[in-house]
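J.: So that we are looking at the same thing, I have put the structure below in structure tokens.
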Amino acid sequence: MNDAQHPPQAGRYIGQRVERKEDARLLTGRGVYVDDVSLPGMLHVAFVRSPIARGRIRSLDASPALALPGVYAVYTAQDLARFKIDMLSFFLAAPAVQITPLASGRVAYVGDPVALVIAQNRYIAEDAAGLVQVDYEEETPVVGIDAAREGALVHPDSDSNIAVAMGEEHDEAIEALLAQAPHVVSTTVHHQRVAQSPIETRGVVVAKHGEGELTVYLACQSPQMAARYIAQAFGLPPTGIRVISKDVGGSFGLKVQPWREEIAVIAAGLIFGRPLKWIEDRLENLTASNQARDQQMRIRAAFDNEGRMLAAHSDYDLDNGAYPHGADCNIAVSMFLWAAYKMPQFNFYTKGWFTNTVGLAAYRGPWAMESLARETLLDIAARQIGIDPIEIRRRNLVYKADQPRTTPFGIPLEDITPAECLELLLQKFDVAAFRAEQAQARKQGRYLGLGFAAYIEPTAGSAGISVLASDVAQIRIEPTGKVSAVLSTHSQGHGTQTTMAQVIAETLGVPLADVSVHEDDSSRGGFGAGASGSRQAVAGGGASIKAAELLRDKLRRVAAHLLETDAQRVRIENGRILVDGEPEKSRSLREIAEVAYGEPERLPEGMEAGLEAQYRYRPPPLTLSSAAHLCVVDVSADTGFVKILRWISSEDCGVMINPAVVEGQIAGGLAQAIGTVLLEHVSFDARGNPTAVTYKDYMLPAISDVPDFEYHHLCTPSQSVGGFRGVGEGGCIVGPPTLVNAIADALSPFGAIPLDLPLTPSKLLEVIEGRSMAPRPAESAPVPVPSAPVPSAAPAPVLEAPPVIATQTRIDGIWKLVLATPIGPQKFNGNFVTDGDKVSGTLDSDMGSQAFSGVVEGNRLRWDLKVTKPVSVTLKYDVLIEGDKLSGKVKMGIFGNAKLTGERG
Amino acid sequence: MSSHSIQIRINGRVHQATVESRLLLSDFLRDEAGYTGVHVGCEHGVCGACTVIVDGQAVRSCLMLAVQADGCSITTVEGLAAADGTLHPVQQALRDTHGLQCGFCTPGIVMTLAALREAQAAPSEERMLAALSGHLCRCTGYQGIRRAVRQLAGTPAESAHE
Ligand code: FES
Ligand code: FES
């Protein structure tokens, strides 16, 4: 049931379903996960965590814990304050609000780490954590986005609960188009909060060696990235930090960067000196590990009478919790909402909100909401306009023939194939036969449904994101003739030790068994971001090919010289050197390697000894993958249970290195999609207490919930070296709308289903039986807690144009400015000089200085600034100065508005 | 905290130890006996990663105390392959079918299937799938695991479609 349409460049190894090299150790219990690391003298850490969602720490008494035999120390934020720790974002940007590893003065969510205990073993550490006495002054928490709009400030020092906002709430031109359109379809989609939930939780072992060296064993997505993060967060020399991460038990975005607990343990290890281990337990993982999604989108789209798209506006809100991995309004959602479709005009308004819940992190396909919102809307539109859901997609999707083109967001489309994937899908499934079967079944009270979704996905994106810009491969043919490669890729299940070895073996011409890939130790290789953004096949694969080509060329030159022939006539096949037409000159790699390392005088004049090569590959700015999926469900009208009968994937991830690994990635993502749509829900009560804290309440899909998936592959080579495209996240992006649309189709005789995930049996029974089954949780009515007065969110909308107040204001001088951008707050200085109604000056940052000039009206300043990096755009500044404070906005072309704040420097 | 002297045969070797009564069998196997192939995913009996075979039965070692295993014979995933390294049929089937990704859930799945085969030479596909419904895998979507089960049961690999 698997067919690759045109597998280009299928080779001896590339394109083959070879066995995974990792499996021999993992199947026999010989993997090394962080909890398997045990060091002499190692002690164990447990955290004291806040039982309330919001409040002030009045006092903390550790003495009962310290009195327990086997307890070595209890540390609070005060103890760690000696390090000036910056909890950076994944992009290594400073956080929007101050974040300390341990709670400092206030707690902001249930599970907020307040203190850590160091003890002889984990049992004693947990006993002791329970003995630490903390007295809190509890305050009414802000739980959920609606509460954030009106409630108290989550971070009392900030001026709003909006973490980041971009775009325009009201766009006259779009409104006019919506007002005139023959059809306007609108919908609101609620996506619940979910937990990434790798079966291995987070964990760290830290060992300090004297003053200058630190070894950190970490469950992470990239030892290189983690080492850089830790060095930068602590302000330590990076050379002294070594991060080791051999096997990792899944991650899915959670372990993309070390966070408060891991950093606190590292700080404690630096202070205490002995090796420390912390392994998160599942309750902590489901309550205190940063979580994902928790968002809603209102979307309005206009169509003509044929169902062709005319214009759209989306209004998106994302719960950031208290301490997100990076304050986020998820601009990628807006960028990709219409990217695969011919939507002529659209605008968006997007906001990230702080709340008193655990912070936001990435989860496989963090921008997946774009597909869920769009593809469910398209089905509603098809019903409303009276055309087929396949037809509405066909009329609007970007086909190959429509390219090259550029999306309104400026994303160049050259070779996307969502429409061709859909056409392939339709060859594999008889829709007409299904419709007949569905009609027949309905007569017997069985409700079958068919759902479709199509999308494109940015993979290995690097434009303007410095940490994602390049990856490195260092490959050597050892004196033994075997090949070792040290790469900046990293597997948490991805199988890169196998796929990268396939690429290297293919390029070098050696047996796969002779290639070993190492990616577990930051001190062995160079920087790269490892697993994130579906980038490893593209960035790591490209680096591996380029380095292997360099090495192959050197090997041929060496062999030609030694064998007295021309390099053009030397081939490497199956690990042997062959010379065309001279079979007697065949040599093993080892024979050549021994000379290259041990007898360099026999090498060509001036050639470096050894057989080693390195290449740092910069992938294209963006590599797009495409897919269309369908699934068939049977929804029981008696119980509301959804049974998935069939699921077909049709995707285009370019040249496949290992189809079994590709399909494994798709399948894993689809299972997570099924969990998202039907089962998983991180829920809170009105006081911010998490209510799904074990795997009994937080339900992951089991084998009985997941059908057999069928795969079809279009293989359009990409522009990257090797022609690969990423495939790590797609199932998790296209899966949810596929399933939601199938359920909606099944229950269409009863009416519309709520677009409010998860679609639990009780929610579906409400539709089937036309009545309310269960009382809604009273999330919107938090129980007030008697509390100290706390500043409230200013009700004034943040992004309104500032009013002009005609008073004499002091403008000239230096201002410290902070711009809230999608990749985190950017700090810079402004030097303003006024002259009548003109203002000029410079904006200065580490990156350089830029001059500007503009106009002054009273205390309002406006100027334009053209920038070319990371993208070419004119920034329109519009700010208001009041006393020593500055506030306003910057319009960043198609990227919408960003908030600017500042104070006199 | 009371201490107890226990004796457990693990993978054919007798281990003697003095343990606290509250020590979980999973922690004993990992930390005291060194069998780190016993993985701990939840410690509340749901994920199945910690499964080992105790006197022929698949048992979640996070739900059992070490003292309760006194006098028992235990097999962990480290004890399944033959001395010459030949994989157990269950391990081999999972390897052939790409039945694992991160490998964290894998030892538990291997032990549950191995225990079924210990009890009954050729357990049916249904029996194996029912037993695996108590295991959580976050990576694979269970596709390879199901293929491995079919391989072990001798069912043809391709499903009804196509
Ligand atoms: S760790 Fe024992 S069942 Fe999850
Ligand atoms: S392979 Fe990762 S949890 Fe199963």
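Every chain in the structure tokens takes a letter, A first, then B, and so on in the order presented; its residues are numbered from 1, and the ligands are numbered from 1 following the presented order.
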List every residue of chain A that has an atom at most 7 Å from any atom of chain B, and for each one report the closest atom pair and its distance in Å to one decimal, counting only C-alpha atoms, with rows sorted by chain and then by increasing residue number, as CSV.
T.:
residue,atom,partner,partner_atom,distance
A:Met1,CA,B:Glu162,CA,6.5
A:Glu19,CA,B:Asp96,CA,6.7
A:Asp23,CA,B:Arg95,CA,6.3
A:Leu26,CA,B:Gly103,CA,5.5
A:Leu27,CA,B:Gln91,CA,6.0
A:Thr28,CA,B:Glu78,CA,5.3
A:Gly29,CA,B:Gly37,CA,3.7
A:Arg30,CA,B:Gly37,CA,6.3
A:Asp36,CA,B:Thr36,CA,5.8
A:Pro198,CA,B:Arg138,CA,6.1
A:Ile199,CA,B:Gly41,CA,5.3
A:Glu200,CA,B:Gly41,CA,5.7
A:Val248,CA,B:Cys102,CA,6.4
A:Gly249,CA,B:Cys102,CA,4.9
A:Gly250,CA,B:Cys102,CA,5.6
A:Asp281,CA,B:Cys42,CA,6.8
A:Arg282,CA,B:Cys42,CA,5.0
A:Gln492,CA,B:Cys102,CA,5.4
A:Gly493,CA,B:Cys102,CA,3.5
A:His494,CA,B:Gln101,CA,6.4
A:Gly495,CA,B:Gln101,CA,6.8
A:Ala660,CA,B:His98,CA,6.9
A:Gly664,CA,B:Thr140,CA,5.8
A:Ala667,CA,B:Gly141,CA,5.1
A:Gly668,CA,B:Gly141,CA,4.4
A:Leu670,CA,B:Gly141,CA,7.0
A:Ala671,CA,B:Gly141,CA,4.8
A:Tyr695,CA,B:Val46,CA,6.3
A:Ala702,CA,B:Ser133,CA,5.8
A:Ile703,CA,B:Ser133,CA,5.5
A:Ser704,CA,B:Ser133,CA,6.1
A:Val706,CA,B:Gly141,CA,6.8
A:Asp708,CA,B:Gln143,CA,6.4
J.: Within 9 Å of A:Ala312, counting only C-alpha atoms, which residues show up once you throw out same-chain ones fewer than 4 positions away? Write them as a list in words, please.
T.: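 Within the cut-off, the hits are Ile174, Glu175, Leu177, Leu178, Val184, Ile299, Arg300, Ala301, Ala302, Met343, Pro344, Gln345, Phe346, Asn347 and Phe348 of chain A.
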J.: Could those residues be written to a file, using all heavy atoms, as a CSV table (one decimal), in the first residue's frame?
T.:
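Just written: selection23.csv:
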chain,number,residue,atom,x,y,z
A,174,ILE,N,-10.3,45.2,3.5
A,174,ILE,CA,-10.8,43.8,3.7
A,174,ILE,C,-12.3,43.9,4.1
A,174,ILE,O,-13.1,43.1,3.5
A,174,ILE,CB,-10.0,43.1,4.7
A,174,ILE,CG1,-8.5,43.0,4.3
A,174,ILE,CG2,-10.6,41.7,5.0
A,174,ILE,CD1,-8.2,42.0,3.2
A,175,GLU,N,-12.6,44.8,5.0
A,175,GLU,CA,-14.1,44.9,5.4
A,175,GLU,C,-15.0,45.2,4.2
A,175,GLU,O,-16.0,44.7,4.1
A,175,GLU,CB,-14.2,45.9,6.5
A,175,GLU,CG,-13.5,45.6,7.8
A,175,GLU,CD,-14.0,44.3,8.4
A,175,GLU,OE1,-15.1,43.8,8.3
A,175,GLU,OE2,-13.1,43.6,9.0
A,177,LEU,N,-14.4,44.5,1.1
A,177,LEU,CA,-14.6,43.3,0.3
A,177,LEU,C,-15.5,42.3,0.9
A,177,LEU,O,-16.4,41.6,0.2
A,177,LEU,CB,-13.2,42.6,0.0
A,177,LEU,CG,-12.2,43.4,-0.9
A,177,LEU,CD1,-10.8,42.8,-0.7
A,177,LEU,CD2,-12.7,43.3,-2.3
A,178,LEU,N,-15.4,42.1,2.2
A,178,LEU,CA,-16.3,41.2,2.9
A,178,LEU,C,-17.8,41.7,2.8
A,178,LEU,O,-18.7,40.9,2.6
A,178,LEU,CB,-15.9,41.0,4.4
A,178,LEU,CG,-14.6,40.3,4.7
A,178,LEU,CD1,-14.2,40.5,6.1
A,178,LEU,CD2,-14.8,38.8,4.4
A,184,VAL,N,-20.1,35.2,2.6
A,184,VAL,CA,-19.2,35.3,3.6
A,184,VAL,C,-19.3,34.2,4.6
A,184,VAL,O,-20.4,34.0,5.1
A,184,VAL,CB,-19.3,36.7,4.3
A,184,VAL,CG1,-18.3,36.8,5.5
A,184,VAL,CG2,-19.0,37.8,3.4
A,299,ILE,N,-12.4,33.5,12.1
A,299,ILE,CA,-12.0,33.7,10.7
A,299,ILE,C,-13.2,34.0,9.9
A,299,ILE,O,-14.3,33.4,10.1
A,299,ILE,CB,-11.2,32.5,10.3
A,299,ILE,CG1,-10.8,32.5,8.9
A,299,ILE,CG2,-11.9,31.2,10.5
A,299,ILE,CD1,-9.7,31.4,8.6
A,300,ARG,N,-13.1,35.0,9.0
A,300,ARG,CA,-14.1,35.4,8.1
A,300,ARG,C,-13.6,35.4,6.7
A,300,ARG,O,-12.5,36.0,6.5
A,300,ARG,CB,-14.7,36.8,8.4
A,300,ARG,CG,-15.4,36.8,9.8
A,300,ARG,CD,-15.8,38.3,10.1
A,300,ARG,NE,-14.6,39.1,10.3
A,300,ARG,CZ,-14.5,40.4,9.9
A,300,ARG,NH1,-15.5,41.0,9.5
A,300,ARG,NH2,-13.4,41.0,10.1
A,301,ALA,N,-14.2,34.7,5.8
A,301,ALA,CA,-13.7,34.6,4.4
A,301,ALA,C,-14.8,34.8,3.4
A,301,ALA,O,-16.0,34.3,3.6
A,301,ALA,CB,-13.1,33.2,4.2
A,302,ALA,N,-14.5,35.6,2.4
A,302,ALA,CA,-15.5,35.9,1.4
A,302,ALA,C,-15.2,35.0,0.1
A,302,ALA,O,-14.1,34.8,-0.2
A,302,ALA,CB,-15.4,37.4,1.0
A,343,MET,N,-5.8,33.0,-2.3
A,343,MET,CA,-6.5,34.0,-1.6
A,343,MET,C,-5.9,35.3,-2.0
A,343,MET,O,-4.8,35.6,-1.6
A,343,MET,CB,-6.4,33.7,-0.1
A,343,MET,CG,-6.9,34.8,0.8
A,343,MET,SD,-8.7,35.0,0.6
A,343,MET,CE,-9.4,33.8,1.7
A,344,PRO,N,-6.7,36.2,-2.7
A,344,PRO,CA,-6.1,37.4,-3.2
A,344,PRO,C,-5.7,38.4,-2.1
A,344,PRO,O,-4.7,39.1,-2.2
A,344,PRO,CB,-7.2,38.0,-4.1
A,344,PRO,CG,-8.3,37.0,-4.1
A,344,PRO,CD,-8.1,36.0,-3.1
A,345,GLN,N,-6.5,38.5,-1.1
A,345,GLN,CA,-6.3,39.5,-0.1
A,345,GLN,C,-6.7,39.1,1.3
A,345,GLN,O,-7.8,38.5,1.4
A,345,GLN,CB,-7.1,40.8,-0.4
A,345,GLN,CG,-6.6,41.6,-1.6
A,345,GLN,CD,-7.0,43.0,-1.5
A,345,GLN,OE1,-6.7,43.7,-0.5
A,345,GLN,NE2,-7.8,43.4,-2.4
A,346,PHE,N,-5.9,39.3,2.3
A,346,PHE,CA,-6.3,39.0,3.6
A,346,PHE,C,-5.5,39.8,4.6
A,346,PHE,O,-4.5,40.4,4.3
A,346,PHE,CB,-6.1,37.5,3.9
A,346,PHE,CG,-4.7,37.1,4.1
A,346,PHE,CD1,-4.1,37.0,5.4
A,346,PHE,CD2,-3.9,36.7,3.0
A,346,PHE,CE1,-2.8,36.6,5.5
A,346,PHE,CE2,-2.6,36.3,3.2
A,346,PHE,CZ,-2.0,36.3,4.4
A,347,ASN,N,-6.1,39.9,5.8
A,347,ASN,CA,-5.4,40.5,6.9
A,347,ASN,C,-5.6,39.7,8.1
A,347,ASN,O,-6.5,38.8,8.1
A,347,ASN,CB,-5.8,42.0,7.0
A,347,ASN,CG,-4.7,42.8,7.6
A,347,ASN,OD1,-3.8,42.3,8.3
A,347,ASN,ND2,-4.7,44.1,7.3
A,348,PHE,N,-4.9,40.1,9.2
A,348,PHE,CA,-5.1,39.3,10.4
A,348,PHE,C,-4.7,40.2,11.6
A,348,PHE,O,-4.1,41.2,11.5
A,348,PHE,CB,-4.1,38.1,10.4
A,348,PHE,CG,-2.6,38.6,10.4
A,348,PHE,CD1,-1.9,38.8,11.5
A,348,PHE,CD2,-2.0,38.9,9.2
A,348,PHE,CE1,-0.6,39.3,11.5
A,348,PHE,CE2,-0.7,39.4,9.2
A,348,PHE,CZ,0.0,39.6,10.3
J.: Which residue out of A:Ala436, A:Leu310, A:Leu283, A:Met42 has the minimum interatomic distance to ligand 1 when only C-alpha atoms and all ligand atoms are used?
T.: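 Of all the options, A:Leu283 lies closest to ligand 1.
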J.: Based on the backbone DSSP call, show me all residues of stretch 20-145 of chain B assigned alpha helix (DSSP H), as a PyMOL selection string.
T.: chain B and resi 25-27+89-96+106-119+125-132+143-145
J.: With a distance cut-off of 9 Å and only C-alpha atoms, select the neighbouring residues of A:Cys631, excluding the residue or stretch itself and same-chain residues fewer than 5 positions from it, and output the selection as a PDB file with N, CA, C and O atoms, in the first residue's frame.
T.:
ATOM      1  N   GLY A 449     -18.633   9.214   7.843  1.00  0.00           N
ATOM      2  CA  GLY A 449     -18.229  10.540   7.366  1.00  0.00           C
ATOM      3  C   GLY A 449     -16.894  10.482   6.657  1.00  0.00           C
ATOM      4  O   GLY A 449     -16.053   9.620   6.936  1.00  0.00           O
ATOM      5  N   LEU A 450     -16.715  11.418   5.700  1.00  0.00           N
ATOM      6  CA  LEU A 450     -15.478  11.494   4.934  1.00  0.00           C
ATOM      7  C   LEU A 450     -14.923  12.908   5.085  1.00  0.00           C
ATOM      8  O   LEU A 450     -15.653  13.876   4.877  1.00  0.00           O
ATOM      9  N   GLY A 451     -13.660  13.016   5.454  1.00  0.00           N
ATOM     10  CA  GLY A 451     -13.055  14.342   5.608  1.00  0.00           C
ATOM     11  C   GLY A 451     -11.776  14.456   4.804  1.00  0.00           C
ATOM     12  O   GLY A 451     -11.030  13.478   4.652  1.00  0.00           O
ATOM     13  N   PHE A 452     -11.558  15.659   4.279  1.00  0.00           N
ATOM     14  CA  PHE A 452     -10.341  15.955   3.526  1.00  0.00           C
ATOM     15  C   PHE A 452      -9.634  17.143   4.141  1.00  0.00           C
ATOM     16  O   PHE A 452     -10.273  18.024   4.713  1.00  0.00           O
ATOM     17  N   ILE A 644     -12.319   5.381  13.628  1.00  0.00           N
ATOM     18  CA  ILE A 644     -11.692   5.757  12.357  1.00  0.00           C
ATOM     19  C   ILE A 644     -11.535   4.493  11.521  1.00  0.00           C
ATOM     20  O   ILE A 644     -10.874   3.539  11.944  1.00  0.00           O
ATOM     21  N   LEU A 645     -12.181   4.477  10.352  1.00  0.00           N
ATOM     22  CA  LEU A 645     -12.176   3.261   9.537  1.00  0.00           C
ATOM     23  C   LEU A 645     -11.021   3.238   8.554  1.00  0.00           C
ATOM     24  O   LEU A 645     -10.518   2.174   8.199  1.00  0.00           O
ATOM     25  N   ARG A 646     -10.631   4.403   8.074  1.00  0.00           N
ATOM     26  CA  ARG A 646      -9.601   4.415   7.051  1.00  0.00           C
ATOM     27  C   ARG A 646      -8.914   5.770   7.050  1.00  0.00           C
ATOM     28  O   ARG A 646      -9.569   6.795   7.297  1.00  0.00           O
ATOM     29  N   TRP A 647      -7.626   5.780   6.747  1.00  0.00           N
ATOM     30  CA  TRP A 647      -6.903   7.067   6.694  1.00  0.00           C
ATOM     31  C   TRP A 647      -5.863   6.960   5.584  1.00  0.00           C
ATOM     32  O   TRP A 647      -5.041   6.042   5.590  1.00  0.00           O
ATOM     33  N   ILE A 648      -5.932   7.865   4.632  1.00  0.00           N
ATOM     34  CA  ILE A 648      -4.978   7.827   3.520  1.00  0.00           C
ATOM     35  C   ILE A 648      -4.199   9.133   3.478  1.00  0.00           C
ATOM     36  O   ILE A 648      -4.788  10.223   3.496  1.00  0.00           O
ATOM     37  N   SER A 649      -2.898   8.986   3.418  1.00  0.00           N
ATOM     38  CA  SER A 649      -2.009  10.141   3.336  1.00  0.00           C
ATOM     39  C   SER A 649      -1.401  10.192   1.945  1.00  0.00           C
ATOM     40  O   SER A 649      -0.968   9.180   1.408  1.00  0.00           O
ATOM     41  N   THR A 738      -8.457  16.977   8.992  1.00  0.00           N
ATOM     42  CA  THR A 738      -8.957  15.821   8.242  1.00  0.00           C
ATOM     43  C   THR A 738     -10.001  15.077   9.077  1.00  0.00           C
ATOM     44  O   THR A 738     -11.103  14.756   8.606  1.00  0.00           O
ATOM     45  N   LEU A 739      -9.662  14.853  10.339  1.00  0.00           N
ATOM     46  CA  LEU A 739     -10.553  14.093  11.214  1.00  0.00           C
ATOM     47  C   LEU A 739     -11.785  14.914  11.600  1.00  0.00           C
ATOM     48  O   LEU A 739     -12.911  14.400  11.599  1.00  0.00           O
ATOM     49  N   ASN A 741     -13.202  17.249   9.911  1.00  0.00           N
ATOM     50  CA  ASN A 741     -14.100  17.332   8.751  1.00  0.00           C
ATOM     51  C   ASN A 741     -14.864  16.021   8.537  1.00  0.00           C
ATOM     52  O   ASN A 741     -16.028  16.037   8.127  1.00  0.00           O
ATOM     53  N   ALA A 742     -14.215  14.898   8.819  1.00  0.00           N
ATOM     54  CA  ALA A 742     -14.902  13.611   8.660  1.00  0.00           C
ATOM     55  C   ALA A 742     -16.026  13.474   9.688  1.00  0.00           C
ATOM     56  O   ALA A 742     -17.126  13.006   9.368  1.00  0.00           O
TER      57      ALA A 742
END
J.: Running DSSP on the backbone, which parts of chain B land in strand (DSSP E), as a list in words?
T.: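 Across chain B, those assigned strand (DSSP E) are Ser3, His4, Ser5, Ile6, Gln7, Ile8, Arg9, Ile10, Arg13, Val14, His15, Gln16, Ala17, Thr18, Val19, Glu20, Thr51, Val52, Ile53, Val54, Gln57, Ala58, Val59, Arg60, Ser73, Ile74 and Thr75 of chain B.
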J.: Measuring between only C-alpha atoms and all ligand atoms, which one of B:Gly71, B:Thr18, B:Gly108, B:Glu126 shows the shortest distance to ligand 2?
T.: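 With only C-alpha atoms and all ligand atoms as the atom set, the closest residue is B:Gly108.
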J.: Can you tell me, as a PyMOL selection string, what residues are no more than 8 Å from B:Val54 when counting only C-alpha atoms, ignoring any on the same chain fewer than 4 positions away?
T.: chain B and resi 58-59+69+72-75
J.: Just to be explicit: take each residue in the selection above, keep N, CA and C atoms, and write the result as a short mmCIF file (atom, residue, chain, number, x, y, z; two decimals), in the first residue's frame.
T.:
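Listed below is the output, part_26.cif:
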data_model
loop_
_atom_site.label_atom_id
_atom_site.label_comp_id
_atom_site.auth_asym_id
_atom_site.auth_seq_id
_atom_site.Cartn_x
_atom_site.Cartn_y
_atom_site.Cartn_z
N ALA B 58 3.70 -10.80 32.80
CA ALA B 58 4.09 -9.41 32.53
C ALA B 58 3.57 -8.53 33.67
N VAL B 59 4.49 -7.78 34.26
CA VAL B 59 4.14 -6.99 35.45
C VAL B 59 4.68 -5.58 35.27
N ALA B 69 8.88 -8.76 45.42
CA ALA B 69 9.49 -9.65 44.43
C ALA B 69 10.51 -10.60 45.08
N CYS B 72 11.38 -14.12 43.75
CA CYS B 72 10.85 -14.26 42.39
C CYS B 72 11.98 -14.36 41.36
N SER B 73 11.57 -14.78 40.18
CA SER B 73 12.48 -14.82 39.05
C SER B 73 12.00 -13.77 38.04
N ILE B 74 12.89 -12.86 37.67
CA ILE B 74 12.49 -11.72 36.83
C ILE B 74 13.31 -11.72 35.54
N THR B 75 12.64 -11.42 34.45
CA THR B 75 13.36 -11.18 33.19
C THR B 75 13.12 -9.74 32.78
#
J.: Grab the atom CA of B:Met128 to atom CA of B:Gln68 distance for me, in Å with one decimal place.
T.: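 Atom CA of B:Met128 sits 27.1 Å away from atom CA of B:Gln68.
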